[in-house]
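Student: Structure file data.tsv (TSV, C-alpha atoms) is given on the next line.
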chain	number	residue	atom	x	y	z
A	1	MET	CA	309.32	57.22	69.27
A	2	PRO	CA	306.14	56.20	67.34
A	3	ARG	CA	305.93	56.76	63.60
A	4	ARG	CA	303.56	59.47	62.45
A	5	LEU	CA	301.19	58.55	59.66
A	6	ARG	CA	300.73	60.98	56.81
A	7	GLN	CA	297.28	61.94	55.69
A	8	VAL	CA	296.42	60.66	52.22
A	9	LYS	CA	294.50	62.86	49.78
A	10	THR	CA	292.65	60.23	47.76
A	11	GLY	CA	291.40	62.64	45.09
A	12	ARG	CA	294.95	63.36	44.01
A	13	ILE	CA	296.03	59.73	44.15
A	14	PHE	CA	293.19	58.46	41.94
A	15	LYS	CA	293.03	61.32	39.44
A	16	ASN	CA	295.53	60.01	36.85
A	17	PRO	CA	294.26	56.38	36.83
A	18	ARG	CA	290.68	57.69	36.61
A	19	LEU	CA	291.48	59.91	33.64
A	20	GLN	CA	293.29	57.05	31.86
A	21	SER	CA	290.32	54.72	32.31
A	22	PRO	CA	288.28	53.79	29.20
A	23	VAL	CA	285.17	54.76	31.19
A	24	VAL	CA	285.98	58.50	31.36
A	25	LEU	CA	284.50	60.60	28.57
A	26	ALA	CA	285.71	64.02	29.73
A	27	ASP	CA	286.98	65.87	32.75
A	28	GLY	CA	286.50	69.56	33.36
A	29	VAL	CA	283.21	69.81	31.45
A	30	GLU	CA	280.36	72.13	32.48
A	31	LYS	CA	279.31	71.00	35.94
A	32	THR	CA	275.83	72.41	36.43
A	33	ILE	CA	272.95	70.26	37.67
A	34	HIS	CA	269.47	71.82	38.02
A	35	GLY	CA	271.01	75.28	37.66
A	36	ARG	CA	273.49	74.82	40.51
A	37	ARG	CA	277.25	74.62	40.06
A	38	GLN	CA	278.73	71.28	41.18
A	39	SER	CA	282.34	70.30	41.83
A	40	HIS	CA	284.29	67.05	41.53
A	41	LEU	CA	282.30	65.62	38.62
A	42	THR	CA	283.57	63.59	35.67
A	43	ALA	CA	281.61	62.56	32.55
A	44	ILE	CA	281.58	58.77	32.18
A	45	ILE	CA	280.45	56.33	29.48
A	46	LEU	CA	277.79	54.08	31.04
A	47	PRO	CA	278.01	51.19	28.50
A	48	GLN	CA	281.78	51.07	29.06
A	49	LEU	CA	281.18	51.00	32.82
A	50	GLU	CA	278.81	48.05	32.38
A	51	LYS	CA	281.50	46.14	30.43
A	52	LEU	CA	283.59	46.33	33.61
A	53	GLY	CA	280.72	44.86	35.62
A	54	LEU	CA	279.77	48.15	37.29
A	55	TYR	CA	276.37	49.84	37.09
A	56	ALA	CA	275.15	53.34	37.86
A	57	ALA	CA	271.53	53.91	38.80
A	58	PRO	CA	269.87	57.33	39.09
A	59	ASP	CA	268.20	58.43	42.31
A	60	ILE	CA	264.52	58.10	41.39
A	61	GLN	CA	263.13	59.22	44.77
A	62	SER	CA	263.84	62.93	44.17
Would you kindly transcribe this structure into structure tokens?
Tutor:
Amino acid sequence: MPRRLRQVKTGRIFKNPRLQSPVVLADGVEKTIHGRRQSHLTAIILPQLEKLGLYAAPDIQS
């Protein structure tokens, strides 16, 4: 009989490591962008992100 694979919920798996990261400023802050409520957002510290060799660029074509 073949083994059944379980579905992985990545949001739950990565939540604790993400919150313990030095990059995260706050979780559960007001999540409104251009007057619309957004979900699944976390406030991050961009200079700290750059120290890890990662960069975030805004979408300038909007």
Student: Rank nothing, just name the residue among A:Arg4, A:His34, A:His40, A:Lys51 nearest to A:Pro22, using all atoms listed in the file.
Tutor: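 Checking each candidate against A:Pro22, we get A:Lys51 as the closest.
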Student: Determine, counting all atoms listed in the file, which protein, DNA and RNA residues have an atom within 12 Å of an atom of A:Thr32; residues of the same chain fewer than 5 positions away are not included. Present the result as a list in words.
Tutor: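 The neighbour list is Arg37, Gln38, Ser39, His40, Leu41 and Thr42 of chain A.
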Student: Find the distance between atom CA of A:Pro47 and atom CA of A:Ser21 and write it in Å to one decimal.
Tutor: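 About the pair atom CA of A:Pro47 and atom CA of A:Ser21: they are 13.4 Å apart.
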Student: For atom CA of A:Lys31 and atom CA of A:Ala43, determine how far apart the two atoms are, in Å to one decimal place.
Tutor: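 It comes out at 9.4 Å.
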Student: When you draw a straight line from atom CA of A:Ala57 to atom CA of A:Val23, how long is it in Å?
Tutor: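 Those two atoms sit 15.6 Å apart.
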Student: Missing atoms in stretch 14-44 of chain A should be modelled up to N, CA and C atoms and reported as an mmCIF file, in the coordinates of the input.
Tutor:
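Output (selection_1.cif):
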data_model
loop_
_atom_site.group_PDB
_atom_site.id
_atom_site.type_symbol
_atom_site.label_atom_id
_atom_site.label_comp_id
_atom_site.auth_asym_id
_atom_site.auth_seq_id
_atom_site.Cartn_x
_atom_site.Cartn_y
_atom_site.Cartn_z
ATOM 1 N N PHE A 14 293.975 59.163 42.949
ATOM 2 C CA PHE A 14 293.190 58.460 41.940
ATOM 3 C C PHE A 14 292.921 59.260 40.679
ATOM 4 N N LYS A 15 293.361 60.495 40.600
ATOM 5 C CA LYS A 15 293.030 61.320 39.440
ATOM 6 C C LYS A 15 293.631 60.775 38.144
ATOM 7 N N ASN A 16 294.916 60.489 38.095
ATOM 8 C CA ASN A 16 295.530 60.010 36.850
ATOM 9 C C ASN A 16 294.981 58.661 36.405
ATOM 10 N N PRO A 17 294.868 57.640 37.281
ATOM 11 C CA PRO A 17 294.260 56.380 36.830
ATOM 12 C C PRO A 17 292.820 56.560 36.354
ATOM 13 N N ARG A 18 292.083 57.446 37.013
ATOM 14 C CA ARG A 18 290.680 57.690 36.610
ATOM 15 C C ARG A 18 290.626 58.296 35.222
ATOM 16 N N LEU A 19 291.494 59.263 34.946
ATOM 17 C CA LEU A 19 291.480 59.910 33.640
ATOM 18 C C LEU A 19 291.972 58.988 32.527
ATOM 19 N N GLN A 20 292.781 57.999 32.851
ATOM 20 C CA GLN A 20 293.290 57.050 31.860
ATOM 21 C C GLN A 20 292.325 55.895 31.629
ATOM 22 N N SER A 21 291.290 55.802 32.427
ATOM 23 C CA SER A 21 290.320 54.720 32.310
ATOM 24 C C SER A 21 289.508 54.862 31.028
ATOM 25 N N PRO A 22 289.125 53.722 30.404
ATOM 26 C CA PRO A 22 288.280 53.790 29.200
ATOM 27 C C PRO A 22 286.856 54.249 29.504
ATOM 28 N N VAL A 23 286.514 54.362 30.781
ATOM 29 C CA VAL A 23 285.170 54.760 31.190
ATOM 30 C C VAL A 23 284.986 56.271 31.134
ATOM 31 N N VAL A 24 286.066 57.036 31.284
ATOM 32 C CA VAL A 24 285.980 58.500 31.360
ATOM 33 C C VAL A 24 285.804 59.100 29.976
ATOM 34 N N LEU A 25 284.754 59.894 29.818
ATOM 35 C CA LEU A 25 284.500 60.600 28.570
ATOM 36 C C LEU A 25 285.217 61.938 28.559
ATOM 37 N N ALA A 26 285.084 62.697 29.650
ATOM 38 C CA ALA A 26 285.710 64.020 29.730
ATOM 39 C C ALA A 26 285.823 64.459 31.182
ATOM 40 N N ASP A 27 286.812 65.276 31.429
ATOM 41 C CA ASP A 27 286.980 65.870 32.750
ATOM 42 C C ASP A 27 287.041 67.376 32.551
ATOM 43 N N GLY A 28 286.486 68.112 33.473
ATOM 44 C CA GLY A 28 286.500 69.560 33.360
ATOM 45 C C GLY A 28 285.409 70.113 32.447
ATOM 46 N N VAL A 29 284.340 69.342 32.248
ATOM 47 C CA VAL A 29 283.210 69.810 31.450
ATOM 48 C C VAL A 29 282.306 70.685 32.326
ATOM 49 N N GLU A 30 281.305 71.298 31.728
ATOM 50 C CA GLU A 30 280.360 72.130 32.480
ATOM 51 C C GLU A 30 279.721 71.279 33.577
ATOM 52 N N LYS A 31 279.760 71.767 34.783
ATOM 53 C CA LYS A 31 279.310 71.000 35.940
ATOM 54 C C LYS A 31 278.125 71.666 36.614
ATOM 55 N N THR A 32 277.030 71.799 35.887
ATOM 56 C CA THR A 32 275.830 72.410 36.430
ATOM 57 C C THR A 32 274.696 71.391 36.415
ATOM 58 N N ILE A 33 274.073 71.185 37.564
ATOM 59 C CA ILE A 33 272.950 70.260 37.670
ATOM 60 C C ILE A 33 271.790 71.038 38.290
ATOM 61 N N HIS A 34 270.652 71.078 37.571
ATOM 62 C CA HIS A 34 269.470 71.820 38.020
ATOM 63 C C HIS A 34 269.807 73.274 38.342
ATOM 64 N N GLY A 35 270.667 73.882 37.515
ATOM 65 C CA GLY A 35 271.010 75.280 37.660
ATOM 66 C C GLY A 35 272.000 75.606 38.760
ATOM 67 N N ARG A 36 272.517 74.591 39.426
ATOM 68 C CA ARG A 36 273.490 74.820 40.510
ATOM 69 C C ARG A 36 274.844 74.259 40.121
ATOM 70 N N ARG A 37 275.878 75.017 40.364
ATOM 71 C CA ARG A 37 277.250 74.620 40.060
ATOM 72 C C ARG A 37 277.693 73.496 40.990
ATOM 73 N N GLN A 38 278.254 72.425 40.420
ATOM 74 C CA GLN A 38 278.730 71.280 41.180
ATOM 75 C C GLN A 38 280.240 71.133 40.994
ATOM 76 N N SER A 39 280.903 70.532 41.949
ATOM 77 C CA SER A 39 282.340 70.300 41.830
ATOM 78 C C SER A 39 282.626 68.804 41.890
ATOM 79 N N HIS A 40 283.814 68.429 41.462
ATOM 80 C CA HIS A 40 284.290 67.050 41.530
ATOM 81 C C HIS A 40 283.434 66.085 40.705
ATOM 82 N N LEU A 41 283.070 66.481 39.501
ATOM 83 C CA LEU A 41 282.300 65.620 38.620
ATOM 84 C C LEU A 41 283.120 65.270 37.382
ATOM 85 N N THR A 42 282.908 64.057 36.880
ATOM 86 C CA THR A 42 283.570 63.590 35.670
ATOM 87 C C THR A 42 282.530 62.915 34.788
ATOM 88 N N ALA A 43 282.539 63.204 33.485
ATOM 89 C CA ALA A 43 281.610 62.560 32.550
ATOM 90 C C ALA A 43 282.096 61.142 32.272
ATOM 91 N N ILE A 44 281.203 60.157 32.416
ATOM 92 C CA ILE A 44 281.580 58.770 32.180
ATOM 93 C C ILE A 44 280.700 58.144 31.107
#
